[in-house]
Amino acid sequence: RCEYSSQGVDDVGEAARCEFTLDEILAAQARGECEAATRWVPIELRGEAIGLLEICLDPREQALLDQTPLFRRWLEETIGTLAEMVALFLENIRLYRQLEGQARRDMLTGLHNRRHLLELIDREVARSHREQSSLSVIFIDLDQFKELNDGFGHIVGDRVLSEFARLLEESFRETDDICRYGGDEFVVIMPSTGVAEARSKAQRLLTEIRNHDFASESSKEPITVTLSIGVAGLDPQEEGQDVLRRADEALYVSKRNGRDQISVAPSVHDRQATR
């Protein structure tokens with residue numbers, strides 16, 4: 001039985017209940033303070049103990065080992081090999097999770113990317129329908145960002161995007177999911193949030209960004225950015241791609257009407273009323 005932990009031992013017999021660290025357990029074993037029928041073998045990776053392999057023997061097995069030193073040495077070598085295999089297995093799991101996480105993150109901003117968004121929106125929509133709760137989507141575009149890139153250069157443009165991503169994260173809740181959709185477009189998924197509340201959040205963001213100077217300390221010229229924003233609330237029977245598309249359409253209404261503003265997509269009730 002083994003546990004993977006960088007801080008100590010979790011849920012491993014008495015060690016967990018006493019909250020001993022790996023070093024404390026191994027030191028106690030070296031002093032002969034552990035039960036004779038229990039062995040703790042460190043699981044090491046690059047010279048660092050990341051867990052323990054607990055070996056429990058019944059009295060008959062222990063007696064056999066005491067009587068046959070050759071068999072004891074063979075068993076110890078086998079256990080050591082097993083601990084190495086477990087360490088490699090745990091490292092492979094860690095690397096897989098790391099790569100999986102990187103595949104869902106935008107390298108520049110650190111936000112979730114479009115792949116993550118398209119998977120998440122379907123899950124959140126299904127949950128909202130199941131729980132009969134509200135959900136809103138905010139689609140954001142940085143106005144005339146190409147001109148900013150052309151005028152100040154792509155390095156400055158990248159820094160503006162990174163700074164904007166940081167401001168986005170500060171403006172929304174931990175339960176909201178913020179994604180870089182691509183280029184200068186961003187999407188915020190807000191579970192359990194109605195359209196009015198989402199629009200209010202978008203308005204505060206619009207004002208904050210309008211008044212924010214994105215220039216670096218070395219820049220003599222201020223860099224200001226405005227946003228075009230579209231907001232859509234989830235309609236009954238609607239799928240993830242539908243609410244995302246309506247938020248995108250509302251965004252382009254804002255752009256056509258002069259930018260630096262918010263447009264709200266009409267709900268299914270509103271659309272039916274205008275027919």
# chains A, B, ... in the order shown; residues from 1 in each chain; ligands from 1
call {"tool": "residues_around", "arguments": {"residues": "A:Tyr181", "least_positions_apart": "4", "cutoff": "12 Å", "atoms": "only C-alpha atoms", "output": "count of residues only"}}
result
25
call {"tool": "closest_atom_pairs", "arguments": {"of": "stretch 87-167 of chain A", "to": "stretch 206-209 of chain A", "cutoff": "10 Å", "atoms": "only C-alpha atoms", "output": "Markdown table"}}
result
| residue | atom | partner | partner_atom | distance |
| --- | --- | --- | --- | --- |
| A:Ile140 | CA | A:Leu206 | CA | 9.7 |
| A:Leu142 | CA | A:Ile209 | CA | 9.8 |
| A:Phe164 | CA | A:Ile209 | CA | 8.0 |
| A:Leu167 | CA | A:Ile209 | CA | 8.3 |
call {"tool": "select_by_dssp", "arguments": {"residues": "stretch 130-240 of chain A", "states": "helix (DSSP H, G or I)", "output": "count of residues only"}}
result
45
call {"tool": "select_by_dssp", "arguments": {"residues": "stretch 34-275 of chain A", "states": "strand (DSSP E or B)", "output": "ChimeraX atom specification"}}
result
/A:38-45,48-56,105,112,135-142,177-182,185-191,227-233,261-264
call {"tool": "closest_residue", "arguments": {"among": "A:Ala250, A:Leu168, A:Leu148, A:Ala196", "to": "A:Pro222", "atoms": "only C-alpha atoms"}}
result
A:Leu148
call {"tool": "residues_around", "arguments": {"residues": "A:Ile43", "least_positions_apart": "6", "cutoff": "6 Å", "atoms": "only C-alpha atoms", "output": "list in words"}}
result
Ala49, Ile50, Gly51, Leu52, Ala83 and Ala87 of chain A
call {"tool": "write_last_selection", "arguments": {"atoms": "N, CA and C atoms", "output": "PDB file, in the first residue's frame"}}
result
ATOM      1  N   ALA A  49      12.055  11.589  -1.361  1.00  0.00           N
ATOM      2  CA  ALA A  49      10.991  10.669  -0.966  1.00  0.00           C
ATOM      3  C   ALA A  49       9.636  11.325  -1.213  1.00  0.00           C
ATOM      4  N   ILE A  50       8.802  10.686  -2.030  1.00  0.00           N
ATOM      5  CA  ILE A  50       7.486  11.257  -2.344  1.00  0.00           C
ATOM      6  C   ILE A  50       6.355  10.422  -1.755  1.00  0.00           C
ATOM      7  N   GLY A  51       6.688   9.316  -1.099  1.00  0.00           N
ATOM      8  CA  GLY A  51       5.660   8.468  -0.521  1.00  0.00           C
ATOM      9  C   GLY A  51       6.289   7.270   0.168  1.00  0.00           C
ATOM     10  N   LEU A  52       5.461   6.398   0.675  1.00  0.00           N
ATOM     11  CA  LEU A  52       5.924   5.200   1.367  1.00  0.00           C
ATOM     12  C   LEU A  52       5.190   3.974   0.850  1.00  0.00           C
ATOM     13  N   ALA A  83       9.166  -0.573  -5.349  1.00  0.00           N
ATOM     14  CA  ALA A  83       9.077   0.846  -4.982  1.00  0.00           C
ATOM     15  C   ALA A  83       9.515   1.738  -6.144  1.00  0.00           C
ATOM     16  N   ALA A  87       7.219   4.494  -8.099  1.00  0.00           N
ATOM     17  CA  ALA A  87       7.661   5.873  -8.280  1.00  0.00           C
ATOM     18  C   ALA A  87       7.532   6.308  -9.734  1.00  0.00           C
TER      19      ALA A  87
END
call {"tool": "closest_residue", "arguments": {"among": "A:Gln237, A:Ser134, A:Asn92, A:Thr224", "to": "A:Gly157", "atoms": "only C-alpha atoms"}}
result
A:Thr224
call {"tool": "atom_distance", "arguments": {"atom1": "atom CA of A:Leu234", "atom2": "atom CA of A:Leu135"}}
result
5.5 Å
call {"tool": "closest_atom_pairs", "arguments": {"of": "stretch 131-199 of chain A", "to": "stretch 260-270 of chain A", "cutoff": "9 Å", "atoms": "only C-alpha atoms", "output": "tab-separated table"}}
result
residue	atom	partner	partner_atom	distance
A:Leu142	CA	A:Asp260	CA	8.9
A:Asp143	CA	A:Asp260	CA	7.3
A:Val195	CA	A:Val264	CA	8.0
A:Arg199	CA	A:Val264	CA	7.6
call {"tool": "residues_around", "arguments": {"residues": "A:Glu84", "least_positions_apart": "3", "cutoff": "9 Å", "atoms": "only C-alpha atoms", "output": "list in words"}}
result
Ile43, Glu44, Leu45, Ile79, Gly80, Thr81, Ala87, Leu88 and Phe89 of chain A
call {"tool": "residues_around", "arguments": {"residues": "A:Ile223", "least_positions_apart": "5", "cutoff": "9 Å", "atoms": "only C-alpha atoms", "output": "PyMOL selection string"}}
result
chain A and resi 148+160+212-216
call {"tool": "write_last_selection", "arguments": {"atoms": "all heavy atoms", "output": "mmCIF file, in the first residue's frame"}}
result
data_model
loop_
_atom_site.group_PDB
_atom_site.id
_atom_site.type_symbol
_atom_site.label_atom_id
_atom_site.label_comp_id
_atom_site.auth_asym_id
_atom_site.auth_seq_id
_atom_site.Cartn_x
_atom_site.Cartn_y
_atom_site.Cartn_z
ATOM 1 N N LEU A 148 -3.545 48.559 -32.385
ATOM 2 C CA LEU A 148 -2.628 48.652 -31.243
ATOM 3 C C LEU A 148 -1.351 47.868 -31.531
ATOM 4 O O LEU A 148 -0.242 48.341 -31.256
ATOM 5 C CB LEU A 148 -3.317 48.123 -29.979
ATOM 6 C CG LEU A 148 -2.579 48.291 -28.646
ATOM 7 C CD1 LEU A 148 -3.570 48.432 -27.492
ATOM 8 C CD2 LEU A 148 -1.651 47.110 -28.364
ATOM 9 N N VAL A 160 -0.311 43.681 -23.209
ATOM 10 C CA VAL A 160 -1.662 44.185 -22.977
ATOM 11 C C VAL A 160 -2.638 43.028 -22.765
ATOM 12 O O VAL A 160 -3.486 43.061 -21.866
ATOM 13 C CB VAL A 160 -2.119 45.078 -24.147
ATOM 14 C CG1 VAL A 160 -3.613 45.377 -24.047
ATOM 15 C CG2 VAL A 160 -1.321 46.382 -24.167
ATOM 16 N N HIS A 212 -8.239 52.256 -17.553
ATOM 17 C CA HIS A 212 -6.961 51.637 -17.178
ATOM 18 C C HIS A 212 -5.880 51.993 -18.195
ATOM 19 O O HIS A 212 -6.108 51.928 -19.405
ATOM 20 C CB HIS A 212 -7.120 50.118 -17.111
ATOM 21 C CG HIS A 212 -5.906 49.415 -16.602
ATOM 22 N ND1 HIS A 212 -5.601 49.309 -15.269
ATOM 23 C CD2 HIS A 212 -4.892 48.769 -17.266
ATOM 24 C CE1 HIS A 212 -4.482 48.636 -15.113
ATOM 25 N NE2 HIS A 212 -4.021 48.294 -16.312
ATOM 26 N N ASP A 213 -4.712 52.360 -17.699
ATOM 27 C CA ASP A 213 -3.577 52.649 -18.582
ATOM 28 C C ASP A 213 -2.713 51.392 -18.684
ATOM 29 O O ASP A 213 -2.132 50.947 -17.700
ATOM 30 C CB ASP A 213 -2.760 53.820 -18.026
ATOM 31 C CG ASP A 213 -1.613 54.226 -18.959
ATOM 32 O OD1 ASP A 213 -1.512 53.642 -20.059
ATOM 33 O OD2 ASP A 213 -0.831 55.114 -18.583
ATOM 34 N N PHE A 214 -2.646 50.836 -19.869
ATOM 35 C CA PHE A 214 -1.891 49.605 -20.080
ATOM 36 C C PHE A 214 -0.417 49.870 -20.407
ATOM 37 O O PHE A 214 0.328 48.937 -20.683
ATOM 38 C CB PHE A 214 -2.513 48.801 -21.230
ATOM 39 C CG PHE A 214 -3.786 48.116 -20.848
ATOM 40 C CD1 PHE A 214 -5.004 48.761 -20.960
ATOM 41 C CD2 PHE A 214 -3.768 46.813 -20.376
ATOM 42 C CE1 PHE A 214 -6.187 48.129 -20.608
ATOM 43 C CE2 PHE A 214 -4.945 46.169 -20.022
ATOM 44 C CZ PHE A 214 -6.153 46.826 -20.142
ATOM 45 N N ALA A 215 0.006 51.134 -20.362
ATOM 46 C CA ALA A 215 1.394 51.450 -20.703
ATOM 47 C C ALA A 215 2.338 50.912 -19.636
ATOM 48 O O ALA A 215 2.008 50.858 -18.444
ATOM 49 C CB ALA A 215 1.570 52.959 -20.834
ATOM 50 N N SER A 216 3.537 50.494 -20.062
ATOM 51 C CA SER A 216 4.561 50.057 -19.126
ATOM 52 C C SER A 216 5.230 51.267 -18.510
ATOM 53 O O SER A 216 5.023 52.410 -18.938
ATOM 54 C CB SER A 216 5.605 49.195 -19.844
ATOM 55 O OG SER A 216 6.276 49.961 -20.831
#
call {"tool": "closest_residue", "arguments": {"among": "A:Asn211, A:Thr175, A:Thr193, A:Ser136", "to": "A:Gly233", "atoms": "only C-alpha atoms"}}
result
A:Ser136
